[in-house]
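Shown next: final19.cif, given as mmCIF, C-alpha atoms and all ligand atoms.
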data_coords
#
loop_
_atom_site.label_atom_id
_atom_site.label_comp_id
_atom_site.auth_asym_id
_atom_site.auth_seq_id
_atom_site.Cartn_x
_atom_site.Cartn_y
_atom_site.Cartn_z
CA MET A 1 93.01 -2.48 53.62
CA GLN A 2 95.05 -0.16 51.49
CA ASN A 3 93.55 3.12 50.22
CA LYS A 4 94.82 4.86 47.14
CA THR A 5 93.49 7.73 45.05
CA PHE A 6 94.12 7.89 41.29
CA MET A 7 93.93 11.30 39.63
CA LEU A 8 91.85 11.10 36.48
CA ALA A 9 91.20 13.64 33.76
CA THR A 10 88.47 15.27 35.78
CA ILE A 11 87.52 12.89 38.56
CA ASP A 12 89.20 11.12 41.42
CA ILE A 13 88.46 7.50 42.07
CA ALA A 14 89.29 6.29 45.56
CA VAL A 15 90.40 2.67 45.47
CA THR A 16 90.12 0.27 48.36
CA ARG A 17 91.53 -3.09 47.50
CA ALA A 18 90.06 -6.36 48.71
CA GLU A 19 92.24 -7.93 51.37
CA GLN A 20 92.04 -11.30 49.74
CA SER A 21 90.99 -12.30 46.24
CA LYS A 22 88.07 -14.73 45.88
CA LEU A 23 89.53 -15.89 42.59
CA THR A 24 91.23 -18.87 44.18
CA ASP A 25 87.77 -20.38 44.89
CA ILE A 26 86.55 -20.14 41.29
CA ASN A 27 87.32 -22.22 38.22
CA LEU A 28 87.22 -19.76 35.31
CA GLU A 29 87.03 -22.68 32.88
CA ASN A 30 83.56 -23.48 34.10
CA VAL A 31 81.55 -20.39 35.04
CA PRO A 32 77.82 -20.08 34.45
CA PHE A 33 76.42 -16.75 33.26
CA GLY A 34 76.16 -14.00 35.87
CA LYS A 35 76.67 -16.05 39.01
CA TYR A 36 80.06 -14.92 40.28
CA PHE A 37 81.31 -11.39 40.79
CA THR A 38 84.90 -10.20 40.88
CA ASP A 39 86.73 -8.83 43.90
CA HIS A 40 85.82 -5.18 43.27
CA MET A 41 82.99 -2.92 42.16
CA LEU A 42 82.63 0.76 41.33
CA GLU A 43 80.11 2.86 43.22
CA ALA A 44 79.14 6.53 42.91
CA ASP A 45 76.34 8.73 44.25
CA TYR A 46 74.44 11.51 42.55
CA GLU A 47 73.40 14.21 45.00
CA ASP A 48 72.70 17.94 44.63
CA GLY A 49 73.29 17.72 40.89
CA VAL A 50 76.80 16.21 41.03
CA TRP A 51 78.39 12.77 41.12
CA LYS A 52 80.35 12.19 44.33
CA ASN A 53 81.71 9.41 46.58
CA ILE A 54 83.25 7.79 43.50
CA GLU A 55 85.08 4.71 44.61
CA ILE A 56 86.26 1.29 43.65
CA LYS A 57 85.94 -1.02 46.60
CA PRO A 58 85.57 -4.69 47.49
CA TYR A 59 82.38 -6.22 46.02
CA GLN A 60 79.85 -6.05 48.82
CA PRO A 61 76.12 -5.71 49.61
CA LEU A 62 74.47 -2.28 49.65
CA LEU A 63 72.56 -0.98 52.62
CA LEU A 64 69.22 0.20 51.21
CA SER A 65 66.05 1.64 52.67
CA PRO A 66 62.74 -0.21 52.14
CA SER A 67 61.41 3.08 50.76
CA LEU A 68 64.07 3.14 48.02
CA ALA A 69 62.47 4.92 45.05
CA ALA A 70 63.83 2.48 42.44
CA LEU A 71 62.10 -0.46 44.12
CA HIS A 72 58.72 1.28 44.05
CA TYR A 73 58.70 3.31 40.85
CA GLY A 74 61.23 1.56 38.63
CA GLN A 75 63.79 4.23 37.79
CA ALA A 76 66.48 1.63 37.14
CA ILE A 77 68.61 1.10 34.04
CA PHE A 78 71.63 -0.99 33.15
CA GLU A 79 74.03 -2.05 30.43
CA GLY A 80 75.79 -5.23 29.38
CA ILE A 81 79.31 -5.13 27.94
CA LYS A 82 82.05 -7.73 27.63
CA ALA A 83 85.82 -7.67 28.11
CA TYR A 84 88.21 -10.22 26.64
CA LYS A 85 91.87 -11.10 26.97
CA ASN A 86 94.15 -11.69 23.98
CA SER A 87 96.93 -14.27 23.84
CA ALA A 88 99.41 -11.66 25.13
CA GLY A 89 97.25 -11.27 28.24
CA GLU A 90 96.02 -7.76 27.36
CA ALA A 91 92.44 -6.87 28.30
CA PHE A 92 90.09 -5.29 25.76
CA ILE A 93 86.52 -4.04 26.08
CA PHE A 94 84.14 -4.54 23.15
CA ARG A 95 82.51 -1.28 21.94
CA PRO A 96 82.01 0.28 25.41
CA TYR A 97 81.37 3.75 23.95
CA ASP A 98 78.28 2.40 22.19
CA ASN A 99 76.96 1.04 25.46
CA MET A 100 77.76 4.30 27.18
CA GLN A 101 75.69 6.16 24.59
CA ARG A 102 72.80 3.75 25.01
CA PHE A 103 73.03 4.16 28.78
CA ALA A 104 72.66 7.92 28.28
CA ILE A 105 69.60 7.37 26.07
CA SER A 106 68.06 5.07 28.69
CA ALA A 107 68.81 7.60 31.45
CA GLU A 108 67.13 10.43 29.57
CA ARG A 109 63.98 8.40 28.88
CA MET A 110 63.74 7.42 32.55
CA GLN A 111 64.35 11.01 33.76
CA MET A 112 67.65 10.03 35.36
CA PRO A 113 70.90 12.05 35.37
CA ALA A 114 73.64 11.65 32.78
CA VAL A 115 76.71 9.70 33.87
CA PRO A 116 79.76 11.64 32.62
CA GLU A 117 82.08 9.89 30.19
CA GLU A 118 85.02 10.18 32.63
CA LEU A 119 83.08 8.36 35.30
CA PHE A 120 81.69 5.67 33.00
CA MET A 121 84.83 4.97 30.95
CA GLU A 122 87.59 5.66 33.44
CA GLY A 123 85.67 3.83 36.13
CA LEU A 124 85.28 0.88 33.79
CA LYS A 125 88.92 0.81 32.77
CA GLN A 126 90.26 1.17 36.31
CA LEU A 127 87.95 -1.52 37.60
CA ILE A 128 88.89 -3.95 34.85
CA ALA A 129 92.59 -3.22 35.31
CA LEU A 130 92.21 -4.13 38.97
CA ASP A 131 90.29 -7.36 38.31
CA LYS A 132 92.05 -8.30 35.06
CA ASP A 133 92.96 -11.77 36.33
CA TRP A 134 89.24 -12.54 36.41
CA ILE A 135 88.88 -12.41 32.62
CA PRO A 136 88.43 -16.01 31.47
CA GLU A 137 90.53 -17.08 28.51
CA LYS A 138 88.50 -20.10 27.41
CA ALA A 139 86.52 -19.86 24.15
CA ASP A 140 82.99 -18.47 24.58
CA HIS A 141 83.98 -17.09 28.00
CA SER A 142 84.53 -13.44 28.91
CA LEU A 143 84.19 -10.86 31.63
CA TYR A 144 80.63 -9.53 31.62
CA ILE A 145 80.41 -5.89 32.68
CA ARG A 146 77.24 -4.58 34.26
CA PRO A 147 77.00 -0.80 34.63
CA MET A 148 73.76 0.13 36.40
CA MET A 149 71.99 3.16 37.85
CA PHE A 150 68.98 3.38 40.13
CA ALA A 151 66.95 5.99 41.99
CA SER A 152 68.10 6.12 45.59
CA ASP A 153 65.74 8.61 47.24
CA GLU A 154 64.10 7.23 50.34
CA MET A 155 60.53 8.32 49.74
CA ILE A 156 57.13 7.10 48.72
CA GLY A 157 55.45 9.26 46.08
CA VAL A 158 55.65 9.25 42.30
CA ARG A 159 58.21 11.82 41.21
CA PRO A 160 61.74 11.59 39.82
CA SER A 161 64.24 10.78 42.52
CA GLU A 162 66.72 13.51 43.44
CA THR A 163 69.51 11.06 44.26
CA TYR A 164 70.88 8.12 42.28
CA LYS A 165 73.48 5.41 42.60
CA PHE A 166 75.75 4.32 39.74
CA LEU A 167 77.55 1.00 40.00
CA ILE A 168 79.71 -1.18 37.79
CA LEU A 169 79.90 -4.89 38.54
CA LEU A 170 82.07 -7.47 36.79
CA SER A 171 81.18 -11.11 36.35
CA PRO A 172 83.34 -13.79 34.73
CA THR A 173 81.04 -15.72 32.53
CA GLY A 174 80.49 -18.64 30.20
CA PRO A 175 77.94 -19.06 27.37
CA TYR A 176 74.40 -17.72 27.91
CA TYR A 177 72.71 -20.19 25.59
CA ALA A 178 74.67 -23.40 25.36
CA ALA A 179 72.65 -24.85 22.46
CA PRO A 180 70.55 -23.62 19.50
CA MET A 181 67.25 -22.18 20.69
CA ARG A 182 63.56 -22.82 20.33
CA LEU A 183 61.43 -19.66 20.21
CA TYR A 184 57.70 -19.22 20.67
CA VAL A 185 56.02 -16.46 18.65
CA GLU A 186 54.11 -14.49 21.29
CA GLU A 187 50.81 -13.11 20.03
CA LYS A 188 49.08 -12.08 23.26
CA TYR A 189 51.63 -10.35 25.48
CA VAL A 190 53.81 -7.53 24.19
CA ARG A 191 57.21 -6.24 25.25
CA ALA A 192 56.98 -2.61 24.18
CA VAL A 193 54.68 -0.06 22.59
CA PRO A 194 55.52 2.91 20.36
CA GLY A 195 56.15 5.83 22.69
CA GLY A 196 57.05 3.45 25.53
CA ILE A 197 60.45 2.39 26.87
CA GLY A 198 61.33 -0.50 24.53
CA PHE A 199 64.48 1.26 23.25
CA ALA A 200 65.75 1.80 26.81
CA LYS A 201 67.62 -0.82 28.78
CA ALA A 202 65.29 -0.24 31.69
CA ALA A 203 64.73 -2.86 34.39
CA GLY A 204 60.94 -2.72 33.95
CA ASN A 205 61.18 -4.08 30.40
CA TYR A 206 62.65 -7.27 31.82
CA GLY A 207 60.21 -7.51 34.71
CA ALA A 208 57.33 -7.37 32.24
CA SER A 209 58.84 -10.15 30.14
CA MET A 210 59.08 -12.71 32.95
CA HIS A 211 55.51 -14.00 32.92
CA PRO A 212 55.13 -14.51 29.13
CA THR A 213 58.59 -16.08 29.05
CA ALA A 214 57.69 -18.43 31.90
CA LEU A 215 54.56 -19.51 29.96
CA ALA A 216 56.67 -20.17 26.85
CA ARG A 217 59.12 -22.18 28.96
CA GLN A 218 56.25 -24.28 30.30
CA LYS A 219 55.53 -25.13 26.66
CA GLY A 220 59.14 -26.20 26.22
CA TYR A 221 60.54 -23.09 24.51
CA ASP A 222 63.65 -21.14 25.52
CA GLN A 223 62.31 -17.67 24.82
CA VAL A 224 59.47 -15.77 23.21
CA LEU A 225 59.80 -13.94 19.92
CA TRP A 226 57.97 -10.66 20.56
CA MET A 227 55.55 -9.21 18.02
CA ASP A 228 54.60 -5.53 17.68
CA ALA A 229 52.01 -4.26 20.14
CA LEU A 230 49.52 -2.81 17.68
CA GLU A 231 48.98 -5.57 15.11
CA HIS A 232 50.79 -8.57 16.67
CA LYS A 233 52.20 -9.07 13.22
CA TYR A 234 55.69 -7.59 13.00
CA VAL A 235 58.70 -9.27 14.57
CA GLN A 236 60.48 -7.29 17.30
CA GLU A 237 63.18 -9.14 19.26
CA ALA A 238 63.66 -12.12 21.54
CA GLY A 239 64.52 -12.18 25.23
CA VAL A 240 67.90 -10.51 25.45
CA MET A 241 68.61 -10.57 21.73
CA ASN A 242 67.85 -8.86 18.47
CA VAL A 243 66.98 -11.19 15.62
CA VAL A 244 68.37 -11.57 12.11
CA PHE A 245 66.95 -13.73 9.31
CA ILE A 246 68.90 -14.90 6.28
CA ILE A 247 66.55 -15.00 3.32
CA GLY A 248 68.45 -15.91 0.15
CA ASP A 249 71.36 -13.46 -0.07
CA LYS A 250 69.64 -10.94 2.19
CA ALA A 251 70.07 -10.40 5.90
CA VAL A 252 66.74 -9.08 7.14
CA THR A 253 66.14 -7.58 10.57
CA PRO A 254 63.46 -5.39 12.16
CA ASP A 255 64.28 -1.68 11.97
CA LEU A 256 64.53 0.54 15.02
CA LYS A 257 62.26 3.39 13.85
CA GLU A 258 59.33 2.81 16.22
CA GLY A 259 61.58 2.84 19.28
CA THR A 260 60.17 -0.46 20.53
CA ILE A 261 63.37 -2.49 20.08
CA LEU A 262 66.69 -2.23 21.89
CA ALA A 263 69.37 -0.98 19.47
CA GLY A 264 71.76 -3.86 20.06
CA VAL A 265 75.49 -3.25 19.82
CA THR A 266 75.90 -6.84 18.66
CA ARG A 267 73.11 -6.31 16.10
CA ASN A 268 75.09 -3.43 14.65
CA SER A 269 78.34 -5.45 14.68
CA VAL A 270 76.68 -8.46 13.06
CA LEU A 271 75.05 -6.35 10.33
CA THR A 272 78.41 -4.71 9.61
CA VAL A 273 80.11 -8.10 9.27
CA LEU A 274 77.25 -9.50 7.15
CA ALA A 275 77.48 -6.53 4.78
CA ASP A 276 81.22 -7.17 4.43
CA LEU A 277 80.48 -10.83 3.71
CA GLY A 278 78.39 -9.68 0.74
CA PHE A 279 74.86 -9.84 2.16
CA THR A 280 72.33 -7.18 1.30
CA ILE A 281 71.18 -5.74 4.62
CA GLU A 282 67.49 -4.92 4.98
CA GLU A 283 66.44 -3.12 8.16
CA ARG A 284 62.68 -2.86 7.82
CA PRO A 285 59.40 -4.13 9.24
CA VAL A 286 59.51 -7.95 9.09
CA SER A 287 56.15 -9.66 9.37
CA ILE A 288 55.87 -13.13 10.82
CA ASP A 289 53.77 -14.09 7.77
CA GLU A 290 56.64 -13.12 5.47
CA LEU A 291 58.93 -15.40 7.48
CA ALA A 292 56.41 -18.24 7.40
CA ASP A 293 56.07 -17.89 3.60
CA ALA A 294 59.82 -17.78 3.11
CA TYR A 295 60.18 -20.86 5.34
CA LYS A 296 57.58 -22.79 3.34
CA LYS A 297 59.41 -21.93 0.12
CA GLY A 298 62.74 -23.03 1.60
CA ALA A 299 64.09 -19.47 1.35
CA LEU A 300 64.39 -18.75 5.08
CA LEU A 301 67.85 -20.21 5.38
CA GLU A 302 68.91 -19.16 8.88
CA ALA A 303 67.52 -17.34 11.89
CA PHE A 304 69.63 -16.17 14.80
CA GLY A 305 69.69 -13.92 17.80
CA THR A 306 72.39 -11.34 18.49
CA GLY A 307 73.32 -9.96 21.89
CA THR A 308 76.22 -9.28 24.22
CA ALA A 309 75.23 -12.12 26.53
CA ALA A 310 74.13 -14.53 23.79
CA THR A 311 76.65 -13.39 21.10
CA VAL A 312 75.27 -15.13 17.98
CA ALA A 313 72.66 -17.69 19.01
CA MET A 314 71.19 -19.94 16.37
CA ILE A 315 67.42 -20.54 16.38
CA ARG A 316 66.56 -24.12 15.58
CA GLU A 317 62.83 -23.84 15.99
CA LEU A 318 60.23 -21.10 15.66
CA CYS A 319 56.67 -21.90 16.64
CA TYR A 320 53.99 -19.68 15.11
CA LYS A 321 50.38 -20.80 15.68
CA ASP A 322 50.32 -24.34 14.29
CA LEU A 323 53.35 -23.83 12.05
CA VAL A 324 56.54 -25.22 13.55
CA MET A 325 59.55 -23.97 11.58
CA GLN A 326 62.56 -26.16 12.17
CA TRP A 327 66.12 -26.15 10.91
CA ASP A 328 69.13 -28.39 11.09
CA THR A 329 71.54 -25.73 12.33
CA THR A 330 74.56 -28.03 11.84
CA THR A 331 74.35 -27.28 8.11
CA TRP A 332 74.35 -23.50 8.54
CA LYS A 333 77.21 -21.43 7.19
CA THR A 334 76.36 -17.80 7.92
CA ALA A 335 75.66 -17.63 11.67
CA PRO A 336 78.79 -19.68 12.55
CA ALA A 337 80.91 -17.59 10.15
CA VAL A 338 79.74 -14.31 11.69
CA LYS A 339 80.21 -15.65 15.21
CA LYS A 340 83.73 -16.78 14.38
CA ILE A 341 84.67 -13.39 12.91
CA LEU A 342 83.39 -11.61 16.03
CA ASP A 343 85.07 -14.13 18.35
CA ASP A 344 88.36 -13.81 16.49
CA ILE A 345 88.28 -10.01 16.66
CA ARG A 346 87.52 -10.14 20.38
CA SER A 347 90.28 -12.62 21.17
CA GLY A 348 92.81 -10.73 19.06
CA GLN A 349 93.15 -13.51 16.48
CA ARG A 350 91.77 -11.29 13.73
CA GLU A 351 92.65 -7.68 13.05
CA ASP A 352 90.10 -5.28 14.51
CA THR A 353 89.61 -3.33 11.28
CA TYR A 354 86.36 -1.85 12.62
CA GLY A 355 88.00 -0.27 15.68
CA TRP A 356 85.65 -2.00 18.10
CA LEU A 357 88.12 -2.94 20.83
CA VAL A 358 89.08 -0.49 23.55
CA LYS A 359 92.11 -1.31 25.68
CA ALA A 360 91.20 -1.62 29.33
C1 LIG B 401 65.99 -6.75 25.16
C2 LIG B 401 67.31 -6.87 24.51
N1 LIG B 401 67.40 -6.81 23.18
C3 LIG B 401 68.58 -6.90 22.54
C4 LIG B 401 69.75 -7.05 23.24
C5 LIG B 401 71.05 -7.11 22.51
O1 LIG B 401 71.78 -5.92 22.71
P1 LIG B 401 73.36 -5.93 22.72
O2 LIG B 401 73.80 -6.54 21.45
O3 LIG B 401 73.74 -4.48 22.82
O4 LIG B 401 73.78 -6.71 23.90
C6 LIG B 401 69.71 -7.14 24.64
C7 LIG B 401 70.93 -7.31 25.42
O5 LIG B 401 71.55 -6.36 25.81
C8 LIG B 401 68.47 -7.03 25.28
O6 LIG B 401 68.40 -7.11 26.63
#
Just give me the structure as structure tokens.
Amino acid sequence: MQNKTFMLATIDIAVTRAEQSKLTDINLENVPFGKYFTDHMLEADYEDGVWKNIEIKPYQPLLLSPSLAALHYGQAIFEGIKAYKNSAGEAFIFRPYDNMQRFAISAERMQMPAVPEELFMEGLKQLIALDKDWIPEKADHSLYIRPMMFASDEMIGVRPSETYKFLILLSPTGPYYAAPMRLYVEEKYVRAVPGGIGFAKAAGNYGASMHPTALARQKGYDQVLWMDALEHKYVQEAGVMNVVFIIGDKAVTPDLKEGTILAGVTRNSVLTVLADLGFTIEERPVSIDELADAYKKGALLEAFGTGTAATVAMIRELCYKDLVMQWDTTTWKTAPAVKKILDDIRSGQREDTYGWLVKA
């Protein structure tokens, strides 16, 4: 193994390269979501109020104590970002500063330490530079980036951990949802409450979603569409996606004011593109009854999810009580147009006028 230390603006990252790349065993033309990890990962420890042991090293298991605080009390957060390669072979990361900001918001809500920009961004860039060959070039494929932080104290007792681990993993990946989705409007279980942690990308939010989602899957649906916790009336989000509805010439989406919905980076990108396409953007409470009425009148033209993993995912069916709203998504214009614009920006085929790409 060869050890090297790069001097950064304010931090050093020790790099230990993998002796042999695993890339030869993997066909990047055919990778499922989140199953394979690249040759390297970034790891850092927070102790005594500072980040230390910052290193990029071969992807490997962690040695953890059974009393690990994160496993018991859930101080665990993460992010999801994607990197792409253009036709000249250059690697770009899509809006990583937005994810870094959201990571900081999640950390604060979960009483976890801030990860400095140098560590987050320089770590990300160095890691991607090292594993650049892992970025798939096929359409709808990319390198999924998973920054994560968890409480690493070895103790039992409810209090904020004093030590934390920050990691960045990279996973070459194909489409998350291969086909248009069927969603089940969930009226019993809720994802988040006002004052809770819905706006944070905290592991517990996902743990709590597993059971209701499994029940919806048993009924034949791909995901639940969450309603608000107080009245079970206002649309929130779905699985790992925000939701957008095209009603006439308006793009309508739930607002973020209550703090129960994750502020999606893709949501923001999609709304920006839709506004430029001439849609009136309405971020406001969206009741499921309003959607049902619009559907019955033929005014609910399209419904789609937006997310880093899912990109723009068309919804072909929405089941609400005994009303089954169905669409022939092959006739849709808006969702495919928005997806194409985003895809073209990411792959370098369209000018990035919004300044969303960051060179790795
Ligand atoms: C619960 C939830 N909502 C929405 C999103 C979409 O957010 P983004 O577009 O930043 O990926 C995600 C995925 O990150 C998510 O997990």
*What's the 10 Å shell around segment 204-209 of chain A, counting all atoms listed in the file, without same-chain residues fewer than 4 positions away, as an MDAnalysis selection string?*
chainID A and resid 73:77 189:192 196:200 213:214 223:224 226 239:240
*Within 6 Å of ligand LIG 401 (chain B), which residues show up when you count all atoms listed in the file? List them as JSON, numbers by chain, please.*
{"A": [80, 239, 240, 241, 242, 262, 264, 265, 266, 267, 306, 307, 308]}
_Near-Thr329 of chain A list (12 Å; all atoms listed in the file; drop same-chain fewer than 5 positions) as a ChimeraX atom specification_ = /A:179-182,301-304,313-317,334-336
*Smallest atom-to-atom distance to Ile128 of chain A: which of A:Glu231, A:Asp276, A:Glu351, A:Glu90, using all atoms listed in the file?*
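Closest candidate: A:Glu90.
The space separating atom CA of Ala69 of chain A from atom CA of Ile156 of chain A comes to 6.8 Å.
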*May I ask which of the residues A:Gly305, A:Gly174, A:Pro254, A:Gly298 is the closest one to Lys233 of chain A, counting all atoms listed in the file?*
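Ranked by minimum distance to Lys233 of chain A, first place goes to A:Pro254.
We find atom CA of Ile281 of chain A and atom CA of Thr253 of chain A to be spaced 8.0 Å apart.
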*Of the candidates A:Val50, A:Met100, A:Ala14, A:Ile145, which shows the shortest atom-to-atom distance to Tyr164 of chain A, using all atoms listed in the file?*
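Nearest candidate to Tyr164 of chain A out of A:Val50, A:Met100, A:Ala14, A:Ile145: A:Val50.
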Nearby residues (all atoms listed in the file) at most 12 Å from segment 27-29 of chain A, same-chain spacing under 5 positions excluded, as a PDB file with C-alpha atoms, in the coordinates of the input:
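Output below, filename part_18.pdb:
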ATOM      1  CA  LYS A  22      88.070 -14.730  45.880  1.00  0.00           C
ATOM      2  CA  LYS A  35      76.670 -16.050  39.010  1.00  0.00           C
ATOM      3  CA  TYR A  36      80.060 -14.920  40.280  1.00  0.00           C
ATOM      4  CA  PHE A  37      81.310 -11.390  40.790  1.00  0.00           C
ATOM      5  CA  THR A  38      84.900 -10.200  40.880  1.00  0.00           C
ATOM      6  CA  ASP A 133      92.960 -11.770  36.330  1.00  0.00           C
ATOM      7  CA  TRP A 134      89.240 -12.540  36.410  1.00  0.00           C
ATOM      8  CA  ILE A 135      88.880 -12.410  32.620  1.00  0.00           C
ATOM      9  CA  PRO A 136      88.430 -16.010  31.470  1.00  0.00           C
ATOM     10  CA  GLU A 137      90.530 -17.080  28.510  1.00  0.00           C
ATOM     11  CA  LYS A 138      88.500 -20.100  27.410  1.00  0.00           C
ATOM     12  CA  ALA A 139      86.520 -19.860  24.150  1.00  0.00           C
ATOM     13  CA  ASP A 140      82.990 -18.470  24.580  1.00  0.00           C
ATOM     14  CA  HIS A 141      83.980 -17.090  28.000  1.00  0.00           C
ATOM     15  CA  SER A 142      84.530 -13.440  28.910  1.00  0.00           C
ATOM     16  CA  LEU A 143      84.190 -10.860  31.630  1.00  0.00           C
ATOM     17  CA  SER A 171      81.180 -11.110  36.350  1.00  0.00           C
ATOM     18  CA  PRO A 172      83.340 -13.790  34.730  1.00  0.00           C
ATOM     19  CA  THR A 173      81.040 -15.720  32.530  1.00  0.00           C
ATOM     20  CA  GLY A 174      80.490 -18.640  30.200  1.00  0.00           C
ATOM     21  CA  PRO A 175      77.940 -19.060  27.370  1.00  0.00           C
TER      22      PRO A 175
END
_Closest of A:Gln349, A:Ser152, A:Gln218, A:Thr311 to Leu71 of chain A - atom-to-atom distances counting all atoms listed in the file_ =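 Once distances to Leu71 of chain A are computed over all atoms listed in the file, the minimum belongs to A:Ser152.
The two atoms in question, atom CA of Lys57 of chain A and atom CA of Glu43 of chain A, are spaced 7.8 Å apart.
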_Of the listed residues A:His72, A:Arg346, A:Lys297, A:His232, that which approaches Tyr320 of chain A most closely, counting only C-alpha atoms_ = A:His232
Selection near Val273 of chain A, 10 Å with only C-alpha atoms, sequence-local residues under 4 positions removed, as a CSV table (one decimal) with C-alpha atoms, in the frame of the given file:
chain,number,residue,atom,x,y,z
A,267,ARG,CA,73.1,-6.3,16.1
A,268,ASN,CA,75.1,-3.4,14.6
A,269,SER,CA,78.3,-5.4,14.7
A,277,LEU,CA,80.5,-10.8,3.7
A,278,GLY,CA,78.4,-9.7,0.7
A,279,PHE,CA,74.9,-9.8,2.2
A,337,ALA,CA,80.9,-17.6,10.2
A,338,VAL,CA,79.7,-14.3,11.7
A,339,LYS,CA,80.2,-15.6,15.2
A,341,ILE,CA,84.7,-13.4,12.9
A,342,LEU,CA,83.4,-11.6,16.0
A,354,TYR,CA,86.4,-1.8,12.6
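In this comparison, which uses all atoms listed in the file, the residue of A:Gly348, A:Gly34, A:Pro96, A:Pro160 approaching Gln111 of chain A most closely is A:Pro160.
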*asked:* What's around Phe120 of chain A at 12 Å? Count only C-alpha atoms, leave out sequence neighbours fewer than 4 positions away in its own chain, and write the answer as a VMD selection string.
replied: chain A and resid 11 13 42 to 44 51 54 79 96 to 101 103 to 104 114 to 116 124 to 127 145 to 149 166 to 168
Using C-alpha atoms, can you export the residues from the last selection as a short mmCIF file (atom, residue, chain, number, x, y, z; two decimals), keeping the file's coordinate frame?
data_model
loop_
_atom_site.label_atom_id
_atom_site.label_comp_id
_atom_site.auth_asym_id
_atom_site.auth_seq_id
_atom_site.Cartn_x
_atom_site.Cartn_y
_atom_site.Cartn_z
CA ILE A 11 87.52 12.89 38.56
CA ILE A 13 88.46 7.50 42.07
CA LEU A 42 82.63 0.76 41.33
CA GLU A 43 80.11 2.86 43.22
CA ALA A 44 79.14 6.53 42.91
CA TRP A 51 78.39 12.77 41.12
CA ILE A 54 83.25 7.79 43.50
CA GLU A 79 74.03 -2.05 30.43
CA PRO A 96 82.01 0.28 25.41
CA TYR A 97 81.37 3.75 23.95
CA ASP A 98 78.28 2.40 22.19
CA ASN A 99 76.96 1.04 25.46
CA MET A 100 77.76 4.30 27.18
CA GLN A 101 75.69 6.16 24.59
CA PHE A 103 73.03 4.16 28.78
CA ALA A 104 72.66 7.92 28.28
CA ALA A 114 73.64 11.65 32.78
CA VAL A 115 76.71 9.70 33.87
CA PRO A 116 79.76 11.64 32.62
CA LEU A 124 85.28 0.88 33.79
CA LYS A 125 88.92 0.81 32.77
CA GLN A 126 90.26 1.17 36.31
CA LEU A 127 87.95 -1.52 37.60
CA ILE A 145 80.41 -5.89 32.68
CA ARG A 146 77.24 -4.58 34.26
CA PRO A 147 77.00 -0.80 34.63
CA MET A 148 73.76 0.13 36.40
CA MET A 149 71.99 3.16 37.85
CA PHE A 166 75.75 4.32 39.74
CA LEU A 167 77.55 1.00 40.00
CA ILE A 168 79.71 -1.18 37.79
#
